[in-house]
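Asks: Please find protein_12.cif (mmCIF, C-alpha atoms and all ligand atoms) on the next line:
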```cif
data_entry
#
loop_
_atom_site.label_atom_id
_atom_site.label_comp_id
_atom_site.auth_asym_id
_atom_site.auth_seq_id
_atom_site.Cartn_x
_atom_site.Cartn_y
_atom_site.Cartn_z
CA MET A 1 126.95 70.18 124.23
CA SER A 2 127.41 73.89 124.91
CA THR A 3 124.41 75.62 126.40
CA SER A 4 125.63 79.14 125.94
CA LEU A 5 127.84 80.93 123.48
CA THR A 6 129.26 84.44 123.90
CA LEU A 7 130.45 86.23 120.77
CA PRO A 8 131.71 89.70 119.90
CA ARG A 9 128.58 91.61 118.86
CA PRO A 10 127.83 90.57 115.25
CA ASP A 11 127.55 92.78 112.17
CA ASP A 12 125.26 92.41 109.16
CA TRP A 13 127.15 93.09 105.94
CA HIS A 14 124.04 93.38 103.70
CA LEU A 15 120.79 94.83 105.04
CA HIS A 16 117.70 96.57 103.66
CA LEU A 17 116.24 99.07 106.15
CA ARG A 18 113.89 100.94 103.75
CA ASP A 19 112.59 104.36 104.79
CA GLY A 20 109.69 106.10 106.55
CA ALA A 21 107.20 103.93 108.44
CA MET A 22 108.84 100.67 107.31
CA LEU A 23 112.26 101.85 108.57
CA ALA A 24 110.73 102.85 111.90
CA GLY A 25 109.04 99.47 112.25
CA ILE A 26 111.85 97.12 111.28
CA ALA A 27 115.18 98.84 112.11
CA PRO A 28 114.92 97.92 115.82
CA GLU A 29 114.89 94.24 114.80
CA SER A 30 118.46 94.59 113.50
CA ALA A 31 119.69 97.16 116.02
CA ARG A 32 118.74 94.85 118.90
CA HIS A 33 121.41 92.28 117.96
CA PHE A 34 123.83 93.82 115.47
CA ALA A 35 126.41 96.54 116.05
CA ARG A 36 126.86 97.64 112.43
CA ALA A 37 125.29 96.94 109.09
CA ILE A 38 126.00 97.73 105.47
CA ILE A 39 122.82 99.53 104.40
CA MET A 40 121.54 98.89 100.89
CA PRO A 41 120.74 101.99 98.83
CA ASN A 42 117.78 100.68 96.77
CA LEU A 43 115.22 103.14 98.08
CA VAL A 44 112.70 104.77 95.77
CA PRO A 45 114.37 106.91 94.47
CA PRO A 46 117.75 105.27 95.11
CA VAL A 47 120.55 106.72 97.23
CA VAL A 48 122.99 107.90 94.55
CA THR A 49 124.95 110.83 95.99
CA GLY A 50 127.02 111.36 99.09
CA ALA A 51 124.55 114.01 100.30
CA GLU A 52 121.65 111.56 99.94
CA ALA A 53 123.57 108.89 101.86
CA ALA A 54 124.33 111.36 104.67
CA ALA A 55 120.65 112.31 104.93
CA TYR A 56 119.53 108.66 104.90
CA ARG A 57 122.08 107.84 107.61
CA GLU A 58 120.51 110.51 109.84
CA ARG A 59 117.03 109.08 109.27
CA ILE A 60 118.30 105.65 110.33
CA ARG A 61 120.10 107.01 113.40
CA ALA A 62 116.95 108.84 114.45
CA VAL A 63 115.22 105.45 114.70
CA THR A 64 117.99 103.26 116.13
CA GLY A 65 119.82 105.68 118.41
CA PRO A 66 123.60 105.60 118.84
CA GLY A 67 124.00 101.89 119.66
CA PHE A 68 123.83 100.88 116.00
CA THR A 69 126.14 102.08 113.24
CA PRO A 70 124.72 102.19 109.70
CA LEU A 71 127.51 101.86 107.12
CA MET A 72 126.18 103.56 104.05
CA THR A 73 126.43 102.62 100.38
CA LEU A 74 125.77 104.42 97.12
CA TYR A 75 123.68 103.02 94.31
CA LEU A 76 125.88 102.97 91.21
CA THR A 77 124.27 104.48 88.12
CA GLU A 78 125.65 105.25 84.70
CA GLY A 79 125.56 108.92 85.77
CA THR A 80 127.50 108.48 89.02
CA ASP A 81 130.23 111.11 89.49
CA PRO A 82 133.55 109.48 90.53
CA ALA A 83 134.55 112.62 92.45
CA ASP A 84 131.38 112.49 94.56
CA VAL A 85 132.00 108.81 95.43
CA VAL A 86 135.60 109.44 96.43
CA ALA A 87 134.68 112.55 98.45
CA ALA A 88 131.83 110.76 100.28
CA HIS A 89 134.20 107.93 101.17
CA ALA A 90 136.96 110.28 102.29
CA ALA A 91 134.43 112.13 104.49
CA GLY A 92 133.40 108.86 106.17
CA ILE A 93 129.86 109.05 104.78
CA ILE A 94 129.98 105.88 102.70
CA THR A 95 131.69 102.52 103.09
CA ALA A 96 131.00 100.96 99.68
CA VAL A 97 129.17 101.23 96.35
CA LYS A 98 126.49 98.81 95.16
CA LEU A 99 126.21 97.53 91.61
CA TYR A 100 122.72 96.48 90.55
CA PRO A 101 122.45 95.34 86.95
CA ALA A 102 119.41 97.29 85.70
CA GLY A 103 116.23 95.30 86.27
CA ALA A 104 117.88 92.54 88.34
CA THR A 105 115.82 92.98 91.50
CA THR A 106 113.60 95.23 93.64
CA ASN A 107 114.04 98.94 92.75
CA SER A 108 116.92 98.35 90.33
CA ALA A 109 115.59 100.26 87.31
CA SER A 110 118.29 102.93 87.73
CA GLY A 111 121.05 100.33 87.76
CA VAL A 112 123.84 99.69 85.30
CA ARG A 113 123.07 98.54 81.75
CA ASP A 114 126.59 98.72 80.35
CA ILE A 115 129.50 98.17 82.73
CA ASP A 116 131.81 100.10 80.41
CA ARG A 117 129.86 103.25 81.27
CA VAL A 118 130.90 103.06 84.93
CA ARG A 119 134.54 102.21 84.21
CA GLY A 120 135.72 105.65 85.42
CA VAL A 121 133.92 105.25 88.76
CA LEU A 122 135.30 101.74 89.23
CA GLU A 123 138.84 102.92 88.51
CA ALA A 124 138.50 105.71 91.06
CA MET A 125 137.14 103.20 93.60
CA ALA A 126 140.04 100.81 93.01
CA GLU A 127 142.46 103.66 93.57
CA ALA A 128 140.74 104.83 96.76
CA GLY A 129 140.18 101.30 98.13
CA ILE A 130 136.36 101.58 98.05
CA PRO A 131 134.69 98.15 97.79
CA LEU A 132 132.21 97.34 95.03
CA LEU A 133 129.28 95.22 96.22
CA THR A 134 127.74 93.23 93.40
CA HIS A 135 124.22 91.98 92.93
CA GLY A 136 125.63 89.18 90.82
CA GLU A 137 122.90 88.26 88.37
CA VAL A 138 122.67 88.97 84.67
CA THR A 139 119.33 90.29 83.46
CA ASP A 140 119.47 88.91 79.93
CA PRO A 141 115.95 87.48 79.40
CA GLU A 142 117.53 84.60 77.47
CA VAL A 143 119.29 83.39 80.62
CA ASP A 144 117.25 81.14 82.90
CA ILE A 145 116.68 82.70 86.33
CA PHE A 146 118.38 79.76 88.06
CA ASP A 147 121.53 80.32 85.95
CA ARG A 148 121.82 84.10 86.27
CA GLU A 149 124.38 84.09 89.07
CA ALA A 150 126.76 81.64 87.39
CA VAL A 151 126.50 83.51 84.08
CA PHE A 152 127.20 86.84 85.84
CA ILE A 153 130.49 85.45 87.13
CA ASP A 154 131.59 84.49 83.61
CA ARG A 155 130.26 87.48 81.70
CA VAL A 156 130.70 90.37 84.13
CA LEU A 157 132.57 89.63 87.36
CA ASP A 158 135.57 87.73 86.07
CA PRO A 159 136.30 90.14 83.19
CA LEU A 160 135.89 93.08 85.59
CA ARG A 161 138.32 91.63 88.11
CA ARG A 162 140.85 90.88 85.38
CA ALA A 163 140.58 94.44 84.06
CA LEU A 164 140.77 96.00 87.53
CA PRO A 165 142.63 93.57 89.80
CA ALA A 166 143.05 96.17 92.55
CA LEU A 167 139.29 96.65 93.00
CA ARG A 168 137.92 95.17 96.21
CA VAL A 169 134.72 93.28 95.45
CA VAL A 170 132.06 91.60 97.55
CA MET A 171 129.90 89.01 95.82
CA GLU A 172 126.64 89.70 97.65
CA HIS A 173 124.19 86.99 98.77
CA ILE A 174 125.81 84.12 96.88
CA THR A 175 123.48 81.20 96.17
CA THR A 176 125.47 78.68 94.12
CA ALA A 177 128.37 76.26 94.37
CA ASP A 178 129.77 78.13 91.34
CA ALA A 179 130.00 81.34 93.38
CA VAL A 180 131.56 79.52 96.35
CA ASP A 181 134.20 78.00 94.04
CA TYR A 182 134.90 81.35 92.40
CA ALA A 183 135.31 83.12 95.76
CA ARG A 184 137.61 80.35 97.00
CA SER A 185 139.80 80.66 93.93
CA ALA A 186 140.29 84.41 94.36
CA PRO A 187 142.66 86.41 96.53
CA GLU A 188 141.37 88.00 99.71
CA ARG A 189 140.41 91.22 97.95
CA LEU A 190 137.29 89.28 97.03
CA GLY A 191 134.70 88.61 99.74
CA ALA A 192 131.30 86.92 99.61
CA THR A 193 128.27 87.39 101.80
CA ILE A 194 125.87 84.54 102.54
CA THR A 195 122.34 85.10 103.80
CA THR A 196 120.62 83.27 106.61
CA HIS A 197 117.77 82.03 104.43
CA HIS A 198 120.00 80.59 101.69
CA LEU A 199 121.64 78.40 104.35
CA VAL A 200 118.21 76.98 105.15
CA ILE A 201 116.02 76.78 102.05
CA ASN A 202 116.43 75.28 98.61
CA ARG A 203 114.02 75.76 95.72
CA ASN A 204 111.85 72.86 96.85
CA HIS A 205 111.00 74.71 100.05
CA MET A 206 109.66 77.53 97.88
CA LEU A 207 107.90 75.54 95.17
CA ALA A 208 107.10 71.95 96.17
CA GLY A 209 103.67 71.26 97.65
CA GLY A 210 102.42 74.82 97.07
CA ILE A 211 104.11 78.12 96.31
CA ARG A 212 105.47 79.90 99.39
CA PRO A 213 105.89 83.58 98.59
CA HIS A 214 107.76 84.32 101.82
CA TYR A 215 110.63 82.14 100.53
CA TYR A 216 110.84 84.05 97.24
CA CYS A 217 113.89 86.28 97.15
CA LEU A 218 116.61 87.25 94.72
CA PRO A 219 118.85 85.64 93.85
CA VAL A 220 116.27 82.85 93.96
CA ALA A 221 117.05 79.79 96.09
CA LYS A 222 118.69 77.01 94.06
CA ARG A 223 119.03 73.20 94.26
CA GLU A 224 119.93 71.42 97.47
CA ARG A 225 123.52 70.81 96.34
CA HIS A 226 124.01 74.58 96.16
CA ARG A 227 122.54 75.13 99.63
CA ALA A 228 124.92 72.45 100.93
CA ALA A 229 127.86 74.25 99.28
CA LEU A 230 126.83 77.50 101.01
CA VAL A 231 126.70 75.79 104.41
CA ALA A 232 130.12 74.24 103.77
CA ALA A 233 131.52 77.69 102.92
CA ALA A 234 129.90 79.40 105.92
CA ILE A 235 131.22 76.83 108.41
CA SER A 236 134.64 76.48 106.75
CA GLY A 237 136.34 79.22 108.75
CA ASP A 238 137.48 80.79 105.45
CA ALA A 239 137.49 84.55 106.13
CA ARG A 240 136.30 85.39 102.60
CA PHE A 241 132.78 84.26 103.62
CA PHE A 242 130.72 86.35 106.03
CA LEU A 243 127.13 87.07 107.02
CA GLY A 244 125.04 89.48 105.00
CA THR A 245 121.46 88.69 105.91
CA ASP A 246 119.89 90.52 102.95
CA SER A 247 116.94 90.88 105.32
CA ALA A 248 114.53 92.61 102.92
CA PRO A 249 111.13 93.50 104.36
CA HIS A 250 108.04 93.87 102.23
CA ALA A 251 104.57 94.28 103.71
CA ASP A 252 102.52 91.08 103.43
CA ASP A 253 100.17 92.51 100.81
CA ALA A 254 103.17 93.10 98.51
CA LYS A 255 104.49 89.56 99.08
CA LEU A 256 101.14 87.75 98.80
CA ALA A 257 100.19 89.09 95.39
CA ALA A 258 99.83 87.91 91.80
CA CYS A 259 103.27 89.45 91.18
CA GLY A 260 104.83 89.26 94.63
CA CYS A 261 107.97 91.11 95.71
CA ALA A 262 111.30 89.37 96.27
CA GLY A 263 112.80 89.39 99.74
CA CYS A 264 112.97 87.36 102.97
CA PHE A 265 112.74 89.22 106.28
CA THR A 266 115.15 87.51 108.69
CA ALA A 267 116.36 90.29 110.99
CA THR A 268 114.23 89.16 113.93
CA ASN A 269 115.47 85.57 114.27
CA THR A 270 118.66 85.49 112.17
CA LEU A 271 121.08 84.71 114.99
CA SER A 272 118.85 81.95 116.39
CA VAL A 273 118.54 80.37 112.94
CA LEU A 274 122.28 80.60 112.30
CA ALA A 275 123.16 79.05 115.66
CA GLN A 276 120.82 76.18 114.82
CA VAL A 277 122.37 75.71 111.35
CA PHE A 278 125.95 75.79 112.67
CA GLU A 279 125.06 73.46 115.55
CA ALA A 280 123.45 70.96 113.18
CA ALA A 281 126.63 71.04 111.09
CA GLY A 282 128.79 70.43 114.18
CA ALA A 283 130.42 73.83 113.70
CA LEU A 284 129.17 76.10 116.50
CA ASP A 285 132.77 77.14 117.11
CA ARG A 286 132.86 78.66 113.60
CA LEU A 287 129.80 80.90 114.10
CA GLU A 288 131.91 83.66 115.66
CA GLY A 289 134.10 84.03 112.58
CA PHE A 290 131.13 84.11 110.25
CA VAL A 291 128.99 86.64 112.14
CA SER A 292 131.50 88.69 114.14
CA ARG A 293 134.99 88.63 112.61
CA HIS A 294 135.37 87.91 108.91
CA GLY A 295 133.34 90.85 107.61
CA ALA A 296 135.08 93.34 109.88
CA GLY A 297 138.38 91.97 108.65
CA PHE A 298 137.39 92.41 105.01
CA TYR A 299 136.31 96.02 105.57
CA GLY A 300 139.36 96.81 107.70
CA LEU A 301 137.23 97.63 110.75
CA PRO A 302 137.84 96.53 114.35
CA VAL A 303 135.90 93.58 115.74
CA ASN A 304 133.24 94.88 118.13
CA THR A 305 134.39 94.95 121.74
CA ASP A 306 131.01 94.33 123.37
CA THR A 307 129.41 90.90 123.24
CA ILE A 308 126.15 89.04 122.91
CA THR A 309 125.28 85.68 124.41
CA LEU A 310 123.22 82.94 122.79
CA GLU A 311 121.61 80.49 125.21
CA ARG A 312 120.38 77.04 124.26
CA ARG A 313 116.91 76.25 125.57
CA ASP A 314 115.45 72.74 125.77
CA THR A 315 112.04 73.95 124.68
CA PRO A 316 111.77 75.85 121.40
CA ILE A 317 112.01 79.61 121.73
CA SER A 318 109.19 81.84 120.61
CA TYR A 319 109.48 84.83 118.32
CA PRO A 320 106.86 86.97 116.59
CA ALA A 321 105.44 85.57 113.35
CA LYS A 322 105.02 89.13 112.07
CA ILE A 323 106.36 92.57 112.86
CA GLU A 324 103.61 95.18 112.73
CA THR A 325 104.80 98.38 111.05
CA GLY A 326 103.14 101.61 109.97
CA ALA A 327 103.55 100.30 106.42
CA GLY A 328 101.74 97.03 107.20
CA PRO A 329 102.66 93.67 108.74
CA VAL A 330 105.94 92.01 107.71
CA THR A 331 106.20 88.23 108.05
CA VAL A 332 109.30 86.94 109.84
CA PHE A 333 111.25 84.17 108.08
CA ASP A 334 110.08 80.70 109.14
CA PRO A 335 113.07 78.33 108.92
CA GLY A 336 110.73 75.32 109.05
CA PHE A 337 112.30 73.88 112.20
CA PRO A 338 112.07 74.81 115.87
CA LEU A 339 114.69 77.22 117.20
CA HIS A 340 116.44 76.52 120.49
CA TRP A 341 119.00 79.33 120.61
CA GLN A 342 117.87 82.57 122.21
CA VAL A 343 119.84 85.80 122.22
CA ALA A 344 120.08 86.71 125.91
CA PRO A 345 118.69 90.13 126.78
CA ALA A 346 121.35 92.80 127.20
CA ALA A 347 122.70 92.82 130.77
C1 LIG B 401 115.89 92.88 97.87
C2 LIG B 401 114.87 93.98 98.19
O1 LIG B 401 113.72 93.64 98.44
O2 LIG B 401 115.26 95.14 98.25
N1 LIG B 401 115.19 91.67 97.58
C3 LIG B 401 115.70 90.41 97.64
O3 LIG B 401 115.01 89.48 97.25
N2 LIG B 401 116.89 90.17 98.11
C4 LIG B 401 116.76 93.33 96.76
C5 LIG B 401 118.00 92.50 96.59
O4 LIG B 401 118.89 92.51 97.45
O5 LIG B 401 118.12 91.82 95.57
ZN ZN B 402 119.77 92.79 99.12
#
```
Kindly present the structure from the file in structure tokens form.
Replies:
Amino acid sequence: MSTSLTLPRPDDWHLHLRDGAMLAGIAPESARHFARAIIMPNLVPPVVTGAEAAAYRERIRAVTGPGFTPLMTLYLTEGTDPADVVAAHAAGIITAVKLYPAGATTNSASGVRDIDRVRGVLEAMAEAGIPLLTHGEVTDPEVDIFDREAVFIDRVLDPLRRALPALRVVMEHITTADAVDYARSAPERLGATITTHHLVINRNHMLAGGIRPHYYCLPVAKRERHRAALVAAAISGDARFFLGTDSAPHADDAKLAACGCAGCFTATNTLSVLAQVFEAAGALDRLEGFVSRHGAGFYGLPVNTDTITLERRDTPISYPAKIETGAGPVTVFDPGFPLHWQVAPAA
């Protein structure tokens, strides 16, 4: 069995860094291991213009320093100006645009109610080669929360891709076998990110034997057969699937509440958890594609030239249970099994 694994430095293709004291507290957890990350725009208020994305990028860089590259996104609203999106992309300020159906998740009130109202922006994006990142859940209250991803594919994503076949789309944080099958059936203009936590937990982990708020995230974890389909996709070597941790910090008092926030915070131990998952599946040799190569390929960016090394320890590694921030403590994702893979300190 291998005892060490050296990979091109990984990237995180879906990350929430927040702002202010939370940003300052948690950004180092990602910057320590990852070279680049696609930064989600769901701040309060959201990042909707190129100028706002440029300013947010500077706030991130002020915390992380130059060793980490934030790849910015805009939050698509029904008022988004296509010319601003295209100009921000041409100027190298943004990498992609995020579609949140209004009300789907944390800070999504300004999202899209009627996809026809953003048709002009989507056409301009298709023309300019700007990817659309989808939070793929319908918000129709009639649709059961466990079915919202599958229904989104039928009602929104598939019609959109048929209408605009040139648009590059990433299905973000997929959680179902339906999404895996859909991504597999599509050409390579379609990518799909998979989170660390959805490779580990199913809905029983969250709900059986007591409710565990730290496992509550959106899209919500599904049945075991869906988790197994996600693992199969992640270890398959298929370049359409790549890591987007969706690490989404909330202070403990916001998670442990009568109406707790959605989000799992995995930045701190993501690579250790993933190494464990891939090892258990007999697929450690596929980890490099999933964390270091496939996403860069999708976005047309070079694979990072520096490396990180994961070392296997006989005794379980230790990591902090919480990260203390100026906005309160944030609990680190507990995979429920001991971790043996440690990211070696930078040489
Ligand atoms: C995210 C957040 O907290 O911003 N929460 C989550 O459960 N994933 C929003 C999101 O990506 O849906
Ligand atoms: Zn997210």
Asks: Could you tell me, counting only C-alpha atoms and all ligand atoms, which protein and nucleic acid residues lie no more than 7 Å from ligand LIG 401 (chain B), written as number ranges by chain?
Replies: A: 16, 42, 105-107, 135, 216-219, 246, 248-250, 261-264
Asks: Using 12 Å as the limit and counting only C-alpha atoms, can you tabulate each residue of range 44-160 of chain A that touches range 170-191 of chain A, with its shortest atom-to-atom distance in Å and the two atoms involved, as CSV?
Replies:
```
residue,atom,partner,partner_atom,distance
A:Ala96,CA,A:Val170,CA,9.7
A:Val97,CA,A:Val170,CA,10.1
A:Lys98,CA,A:Val170,CA,9.4
A:Leu99,CA,A:Glu172,CA,9.9
A:Tyr100,CA,A:Glu172,CA,10.6
A:Ala126,CA,A:Arg189,CA,10.8
A:Gly129,CA,A:Arg189,CA,10.1
A:Ile130,CA,A:Val170,CA,10.9
A:Pro131,CA,A:Val170,CA,7.1
A:Leu132,CA,A:Val170,CA,6.3
A:Leu133,CA,A:Val170,CA,4.8
A:Thr134,CA,A:Met171,CA,5.3
A:His135,CA,A:Glu172,CA,5.8
A:Gly136,CA,A:Met171,CA,6.6
A:Glu137,CA,A:Ile174,CA,9.9
A:Phe146,CA,A:Thr176,CA,9.4
A:Asp147,CA,A:Thr176,CA,9.2
A:Arg148,CA,A:Thr176,CA,10.2
A:Glu149,CA,A:Thr176,CA,7.5
A:Ala150,CA,A:Asp178,CA,6.1
A:Val151,CA,A:Asp178,CA,9.6
A:Phe152,CA,A:Ala179,CA,9.7
A:Ile153,CA,A:Ala179,CA,7.5
A:Asp154,CA,A:Tyr182,CA,9.9
A:Val156,CA,A:Met171,CA,11.8
A:Leu157,CA,A:Met171,CA,8.9
A:Asp158,CA,A:Tyr182,CA,9.0
```
Asks: Could you name the residues that touch Ala251 in chain A at 7 Å or less, counting all atoms listed in the file, but leaving out those on the same chain fewer than 5 positions away, as number ranges by chain?
Replies: A: 327-330
Asks: Next, dump the selected residues to file, keeping only C-alpha atoms, as an mmCIF file, in the coordinates of the input.
Replies:
```
data_model
loop_
_atom_site.group_PDB
_atom_site.id
_atom_site.type_symbol
_atom_site.label_atom_id
_atom_site.label_comp_id
_atom_site.auth_asym_id
_atom_site.auth_seq_id
_atom_site.Cartn_x
_atom_site.Cartn_y
_atom_site.Cartn_z
ATOM 1 C CA ALA A 327 103.550 100.300 106.420
ATOM 2 C CA GLY A 328 101.740 97.030 107.200
ATOM 3 C CA PRO A 329 102.660 93.670 108.740
ATOM 4 C CA VAL A 330 105.940 92.010 107.710
#
```
Asks: Considering all atoms listed in the file, return as a VMD selection string whatever protein or nucleic-acid residues lie within 9 Å of Asp19 in chain A, sequence-local ones (same chain, fewer than 5 positions apart) excluded.
Replies: chain A and resid 24 43 56 59 to 60
Asks: From the list A:Met206, A:Ala296, A:Ala280, A:Val303, which residue is nearest Thr95 in chain A when using only C-alpha atoms?
Replies: A:Ala296
Asks: For Thr69 in chain A, which of A:Thr305, A:Ser108, A:Thr245, A:Ser30 is the closest residue, counting all atoms listed in the file?
Replies: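 Among the listed residues, A:Ser30 lies closest to Thr69 in chain A.
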Asks: Have a look at A:Arg36, A:Arg212, A:Arg223, A:Arg155 and name the one nearest to Asp11 in chain A; count all atoms listed in the file.
Replies: A:Arg36
Asks: Given the choices A:Asp140, A:Met125, A:Ala233, A:Leu207, which gets closest to Ala104 in chain A if the distance is worked out from only C-alpha atoms?
Replies: A:Asp140
Asks: For ligand ZN 402 (chain B), which residue among A:Met40, A:Leu23, A:Ala257, A:Leu271 is the nearest when counting only C-alpha atoms and all ligand atoms?
Replies: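 The answer is A:Met40, which sits nearest to ligand ZN 402 (chain B).
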Asks: For Pro46 in chain A, please output as a ChimeraX atom specification all residues within 8 Å (counting all atoms listed in the file; exclusion window: fewer than 5 positions along the same chain).
Replies: /A:41,75,107,110
Asks: For those residues, write C-alpha atoms to a file as a PDB file, in the coordinates of the input.
Replies:
```pdb
ATOM      1  CA  PRO A  41     120.740 101.990  98.830  1.00  0.00           C
ATOM      2  CA  TYR A  75     123.680 103.020  94.310  1.00  0.00           C
ATOM      3  CA  ASN A 107     114.040  98.940  92.750  1.00  0.00           C
ATOM      4  CA  SER A 110     118.290 102.930  87.730  1.00  0.00           C
TER       5      SER A 110
END
```
Asks: Let me make sure I understand: among A:Ala221, A:Ile93, A:Gly244, A:Ile201, which one has the smallest atom-to-atom distance to ligand ZN 402 (chain B) if we use only C-alpha atoms and all ligand atoms?
Replies: A:Gly244
Asks: Tell me, in Å to one decimal, how far CA of Ala54 in chain A is from CA of His89 in chain A.
Replies: 11.0 Å
Asks: Report, in Å with one decimal, the straight-line distance from CA of Val169 in chain A to CA of Ala128 in chain A.
Replies: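 Separation between CA of Val169 in chain A and CA of Ala128 in chain A: 13.1 Å.
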Asks: Could you model N, CA, C and O atoms for range 139-150 of chain A and present them as a PDB file, keeping the file's coordinate frame?
Replies:
```pdb
ATOM      1  N   THR A 139     120.771  90.045  83.658  1.00  0.00           N
ATOM      2  CA  THR A 139     119.330  90.290  83.460  1.00  0.00           C
ATOM      3  C   THR A 139     118.890  89.909  82.059  1.00  0.00           C
ATOM      4  O   THR A 139     117.726  90.117  81.716  1.00  0.00           O
ATOM      5  N   ASP A 140     119.786  89.355  81.275  1.00  0.00           N
ATOM      6  CA  ASP A 140     119.470  88.910  79.930  1.00  0.00           C
ATOM      7  C   ASP A 140     118.260  87.960  79.976  1.00  0.00           C
ATOM      8  O   ASP A 140     118.318  86.902  80.614  1.00  0.00           O
ATOM      9  N   PRO A 141     117.145  88.333  79.322  1.00  0.00           N
ATOM     10  CA  PRO A 141     115.950  87.480  79.400  1.00  0.00           C
ATOM     11  C   PRO A 141     116.174  86.084  78.827  1.00  0.00           C
ATOM     12  O   PRO A 141     115.430  85.154  79.139  1.00  0.00           O
ATOM     13  N   GLU A 142     117.217  85.925  78.019  1.00  0.00           N
ATOM     14  CA  GLU A 142     117.530  84.600  77.470  1.00  0.00           C
ATOM     15  C   GLU A 142     118.115  83.663  78.524  1.00  0.00           C
ATOM     16  O   GLU A 142     118.154  82.448  78.324  1.00  0.00           O
ATOM     17  N   VAL A 143     118.621  84.236  79.614  1.00  0.00           N
ATOM     18  CA  VAL A 143     119.290  83.390  80.620  1.00  0.00           C
ATOM     19  C   VAL A 143     118.270  82.978  81.684  1.00  0.00           C
ATOM     20  O   VAL A 143     117.593  83.823  82.273  1.00  0.00           O
ATOM     21  N   ASP A 144     118.179  81.690  81.920  1.00  0.00           N
ATOM     22  CA  ASP A 144     117.250  81.140  82.900  1.00  0.00           C
ATOM     23  C   ASP A 144     117.539  81.741  84.287  1.00  0.00           C
ATOM     24  O   ASP A 144     118.702  81.928  84.667  1.00  0.00           O
ATOM     25  N   ILE A 145     116.491  82.025  85.040  1.00  0.00           N
ATOM     26  CA  ILE A 145     116.680  82.700  86.330  1.00  0.00           C
ATOM     27  C   ILE A 145     117.556  81.901  87.285  1.00  0.00           C
ATOM     28  O   ILE A 145     118.288  82.471  88.089  1.00  0.00           O
ATOM     29  N   PHE A 146     117.542  80.567  87.171  1.00  0.00           N
ATOM     30  CA  PHE A 146     118.380  79.760  88.060  1.00  0.00           C
ATOM     31  C   PHE A 146     119.856  79.782  87.644  1.00  0.00           C
ATOM     32  O   PHE A 146     120.708  79.328  88.387  1.00  0.00           O
ATOM     33  N   ASP A 147     120.145  80.280  86.435  1.00  0.00           N
ATOM     34  CA  ASP A 147     121.530  80.320  85.950  1.00  0.00           C
ATOM     35  C   ASP A 147     122.144  81.719  86.007  1.00  0.00           C
ATOM     36  O   ASP A 147     123.309  81.905  85.640  1.00  0.00           O
ATOM     37  N   ARG A 148     121.369  82.705  86.437  1.00  0.00           N
ATOM     38  CA  ARG A 148     121.820  84.100  86.270  1.00  0.00           C
ATOM     39  C   ARG A 148     123.040  84.448  87.105  1.00  0.00           C
ATOM     40  O   ARG A 148     123.813  85.319  86.722  1.00  0.00           O
ATOM     41  N   GLU A 149     123.203  83.801  88.244  1.00  0.00           N
ATOM     42  CA  GLU A 149     124.380  84.090  89.070  1.00  0.00           C
ATOM     43  C   GLU A 149     125.640  83.514  88.420  1.00  0.00           C
ATOM     44  O   GLU A 149     126.668  84.206  88.308  1.00  0.00           O
ATOM     45  N   ALA A 150     125.577  82.274  87.993  1.00  0.00           N
ATOM     46  CA  ALA A 150     126.760  81.640  87.390  1.00  0.00           C
ATOM     47  C   ALA A 150     127.170  82.378  86.108  1.00  0.00           C
ATOM     48  O   ALA A 150     128.363  82.586  85.845  1.00  0.00           O
TER      49      ALA A 150
END
```
